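Enquirer: Quick one: structure below, then a few questions.
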Amino acid sequence: MAALGVPRWRCLWRRAAALLALRRPGRALLGSRGYGQDAGSEADKEKSDVTKPCFTDELVQSLLSKMTGLDLQKIFRPIKQELKPPTYKLMTEKQLAEATRKAIKEAKELLKMPPVLSEREPIDDVLAEDRILEGTETVKYVFTDITYSTPHRTVFREHRHEDVLNLCIAQFEPDSANYIRVHHQTYEDIDKHAKYDLLRSTRHFGGMVWYLVNRKKTDGLLIDMIQRNLMDDATCLINLYHMLYPDCQSAKAAKEQEVHGIDLIKVFMKTESKKVGYIELALQAYQEALASSAAL
């Protein structure tokens with residue numbers, strides 16, 4: 001009997017989806033320009049002569065990885081499956097340190113971000129024509145993909161955004177219209193309901209951040225980071241924004257004033273944010289909590 005009545009195929013599917021995504025050919029990553037890479041306005045493009053960084057750039061990947069986080073409890077959380085007796089191991093301090101090192105290494109592999117590509121041109125190539133088979137069937141066939149027959153809003157209400165993205169990676173190529181559409185809808189729902197933590201410490205968090213930054217929709221994520229005391233992540237988010245929009249007021253002010261940390265967030269808030277009041281309140285609460293803990 002499966003634990004909590006969950007069918008066995010679900011855990012098998014999750015493992016298969018993860019393996020398939022990790023084995024995607026590396027060709028898709030080379031020289032890729034992310035979807036949303038050209039999402040900025042024409043005015044922004046004309047203002048800057050500097051080529052925008054792409055998703056695969058080393059510094060971009062470094063910033064996205066830092067923001068993703070490395071929560072081992074979440075990465076290796078138990079998958080609901082058939083109940084088995086637990087196993088226990090007695091370890092020395094040295095063995096425990098080695099086991100932890102291996103776990104971190106495996107976790108980083110699991111957090112490798114899927115490629116982000118622009119949508120490919122439609123493929124209308126005819127692979128083969130076999131005249132011998134013509135007329136052998138008197139009925140018409142219709143091939144339909146029913147995988148996504150369940151509306152996205154249903155699975156979104158169940159907070160299964162990660163499951164949707166895992167299945168999407170297993171089924172579609174990263175430059176297909178369906179792959180990009182499903183990712184966009186998932187990111188939009190997360191941003192709309194401020195459910196960013198669902199993808200934190202998963203391989204999908206970096207793609208979500210890249211999508212939001214390219215569309216200049218970072219306010220909600222920035223507020224979430226401040227409220228969770230993830231100030232380093234907040235500054236990484238702003239630094240990534242400045243990389244994509246080096247001519248924005250915030251980037252220029254940060255460079256001229258050489259600001260960092262909370263001061264950098266304040267500069268960004270005043271020049272780029274559409275939710276100044278919310279960010280201001282989040283910063284105020286953070287600073288008050290910091291002052292209270294320092295007084296203890």
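In the structure tokens, chains take the letters A, B, ... in the order shown, each chain's residues start at 1, and ligands count up from 1 in the order shown.
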Residues of range 139-240 of chain A that have any atom at most 8 Å from an atom of range 255-265 of chain A: could you tabulate them with the shortest-distance atom pair and the distance in Å to one decimal, using only C-alpha atoms, ordered by chain and increasing number, as a Markdown table?

Expert:
| residue | atom | partner | partner_atom | distance |
| --- | --- | --- | --- | --- |
| A:Met231 | CA | A:Gly261 | CA | 7.2 |
| A:Asp232 | CA | A:Gly261 | CA | 7.4 |
| A:Ala234 | CA | A:Ile265 | CA | 7.5 |
| A:Thr235 | CA | A:Gly261 | CA | 6.2 |
| A:Ile238 | CA | A:Ile265 | CA | 7.4 |

Enquirer: Enumerate as an MDAnalysis selection string all residues of range 80-273 of chain A assigned to helix (DSSP H, G or I) by DSSP on the backbone, naming them with the chain letters and numbers the document uses.

Expert: chainID A and resid 93:110 131:133 152:157 161:171 177:192 196:198 205:214 219:227 231:244 249:257 261:271

Enquirer: Can you tell me how far CA of Ser62 in chain A sits from CA of Arg181 in chain A, in Å to one decimal?

Expert: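 Rounded to one decimal, the two atoms are 25.8 Å apart.
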
Enquirer: When you look at range 267-269 of chain A with a cut-off of 8 Å (counting only C-alpha atoms), what residues show up, excluding the ones that are within fewer than 2 positions of it in the same chain? I need them as a list in words.

Expert: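 Residues near the query, excluding close chain neighbours: Ile238, Ser250, Ala253, Ala254, Asp263, Leu264, Ile265, Thr271, Glu272, Ser273, Lys275, Val276, Ile279 and Glu280 of chain A.
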
Enquirer: Counting only C-alpha atoms, what is within 8 Å of Leu244 in chain A, bar same-chain residues fewer than 3 positions away, as JSON, numbers by chain?

Expert: {"A": [52, 53, 214, 240, 241]}

Enquirer: Put those residues in a file: all heavy atoms, as a short mmCIF file (atom, residue, chain, number, x, y, z; two decimals), in the first residue's frame.

Expert:
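And here's selection-v1.cif as it stands now:
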data_model
loop_
_atom_site.label_atom_id
_atom_site.label_comp_id
_atom_site.auth_asym_id
_atom_site.auth_seq_id
_atom_site.Cartn_x
_atom_site.Cartn_y
_atom_site.Cartn_z
N LYS A 52 23.71 42.68 -23.83
CA LYS A 52 23.18 42.14 -22.59
C LYS A 52 23.75 40.75 -22.34
O LYS A 52 23.95 39.98 -23.27
CB LYS A 52 21.65 42.07 -22.66
CG LYS A 52 20.96 43.40 -22.49
CD LYS A 52 19.46 43.20 -22.40
CE LYS A 52 18.75 44.52 -22.14
NZ LYS A 52 17.28 44.33 -21.99
N PRO A 53 23.99 40.43 -21.08
CA PRO A 53 24.46 39.07 -20.77
C PRO A 53 23.37 38.04 -21.06
O PRO A 53 22.19 38.38 -21.09
CB PRO A 53 24.77 39.14 -19.27
CG PRO A 53 23.89 40.24 -18.76
CD PRO A 53 23.81 41.25 -19.87
N ASN A 214 14.06 39.96 -16.54
CA ASN A 214 13.94 40.37 -17.94
C ASN A 214 12.66 41.14 -18.21
O ASN A 214 12.58 41.89 -19.17
CB ASN A 214 14.01 39.15 -18.86
CG ASN A 214 15.44 38.82 -19.26
OD1 ASN A 214 16.00 39.46 -20.14
ND2 ASN A 214 16.04 37.85 -18.60
N LEU A 240 21.96 41.61 -10.64
CA LEU A 240 21.57 40.98 -11.91
C LEU A 240 20.74 41.95 -12.75
O LEU A 240 20.92 42.04 -13.97
CB LEU A 240 20.77 39.70 -11.63
CG LEU A 240 20.28 38.93 -12.85
CD1 LEU A 240 21.44 38.46 -13.70
CD2 LEU A 240 19.42 37.73 -12.42
N TYR A 241 19.87 42.67 -12.09
CA TYR A 241 19.05 43.68 -12.78
C TYR A 241 19.97 44.72 -13.43
O TYR A 241 19.76 45.12 -14.58
CB TYR A 241 18.12 44.33 -11.77
CG TYR A 241 17.08 45.26 -12.36
CD1 TYR A 241 15.77 44.83 -12.55
CD2 TYR A 241 17.39 46.58 -12.70
CE1 TYR A 241 14.81 45.69 -13.08
CE2 TYR A 241 16.45 47.44 -13.23
CZ TYR A 241 15.15 46.98 -13.42
OH TYR A 241 14.20 47.83 -13.95
#

Enquirer: With only C-alpha atoms as the atoms that count, which of A:Met243, A:Leu83, A:Leu167, A:Leu110 lies nearest to Asp57 in chain A?

Expert: A:Met243

Enquirer: What is the distance between CA of Trp210 in chain A and CA of Leu222 in chain A, in Å to one decimal?

Expert: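 These atoms are spaced 13.3 Å apart.
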
Enquirer: Applying 9 Å and only C-alpha atoms, which residues near range 103-105 of chain A remain after dropping the ones on its own chain fewer than 6 positions away? List them as a short mmCIF file (atom, residue, chain, number, x, y, z; two decimals) with N, CA, C and O atoms, in the first residue's frame.

Expert:
data_model
loop_
_atom_site.label_atom_id
_atom_site.label_comp_id
_atom_site.auth_asym_id
_atom_site.auth_seq_id
_atom_site.Cartn_x
_atom_site.Cartn_y
_atom_site.Cartn_z
N LEU A 70 20.63 26.44 -1.02
CA LEU A 70 21.06 25.03 -0.95
C LEU A 70 20.50 24.42 0.33
O LEU A 70 21.23 24.09 1.26
N LEU A 72 19.39 21.45 2.01
CA LEU A 72 19.50 20.01 1.83
C LEU A 72 18.23 19.29 2.28
O LEU A 72 17.85 18.27 1.70
N PHE A 76 16.49 16.94 -0.58
CA PHE A 76 16.42 15.49 -0.36
C PHE A 76 15.20 15.11 0.47
O PHE A 76 15.22 14.11 1.18
#
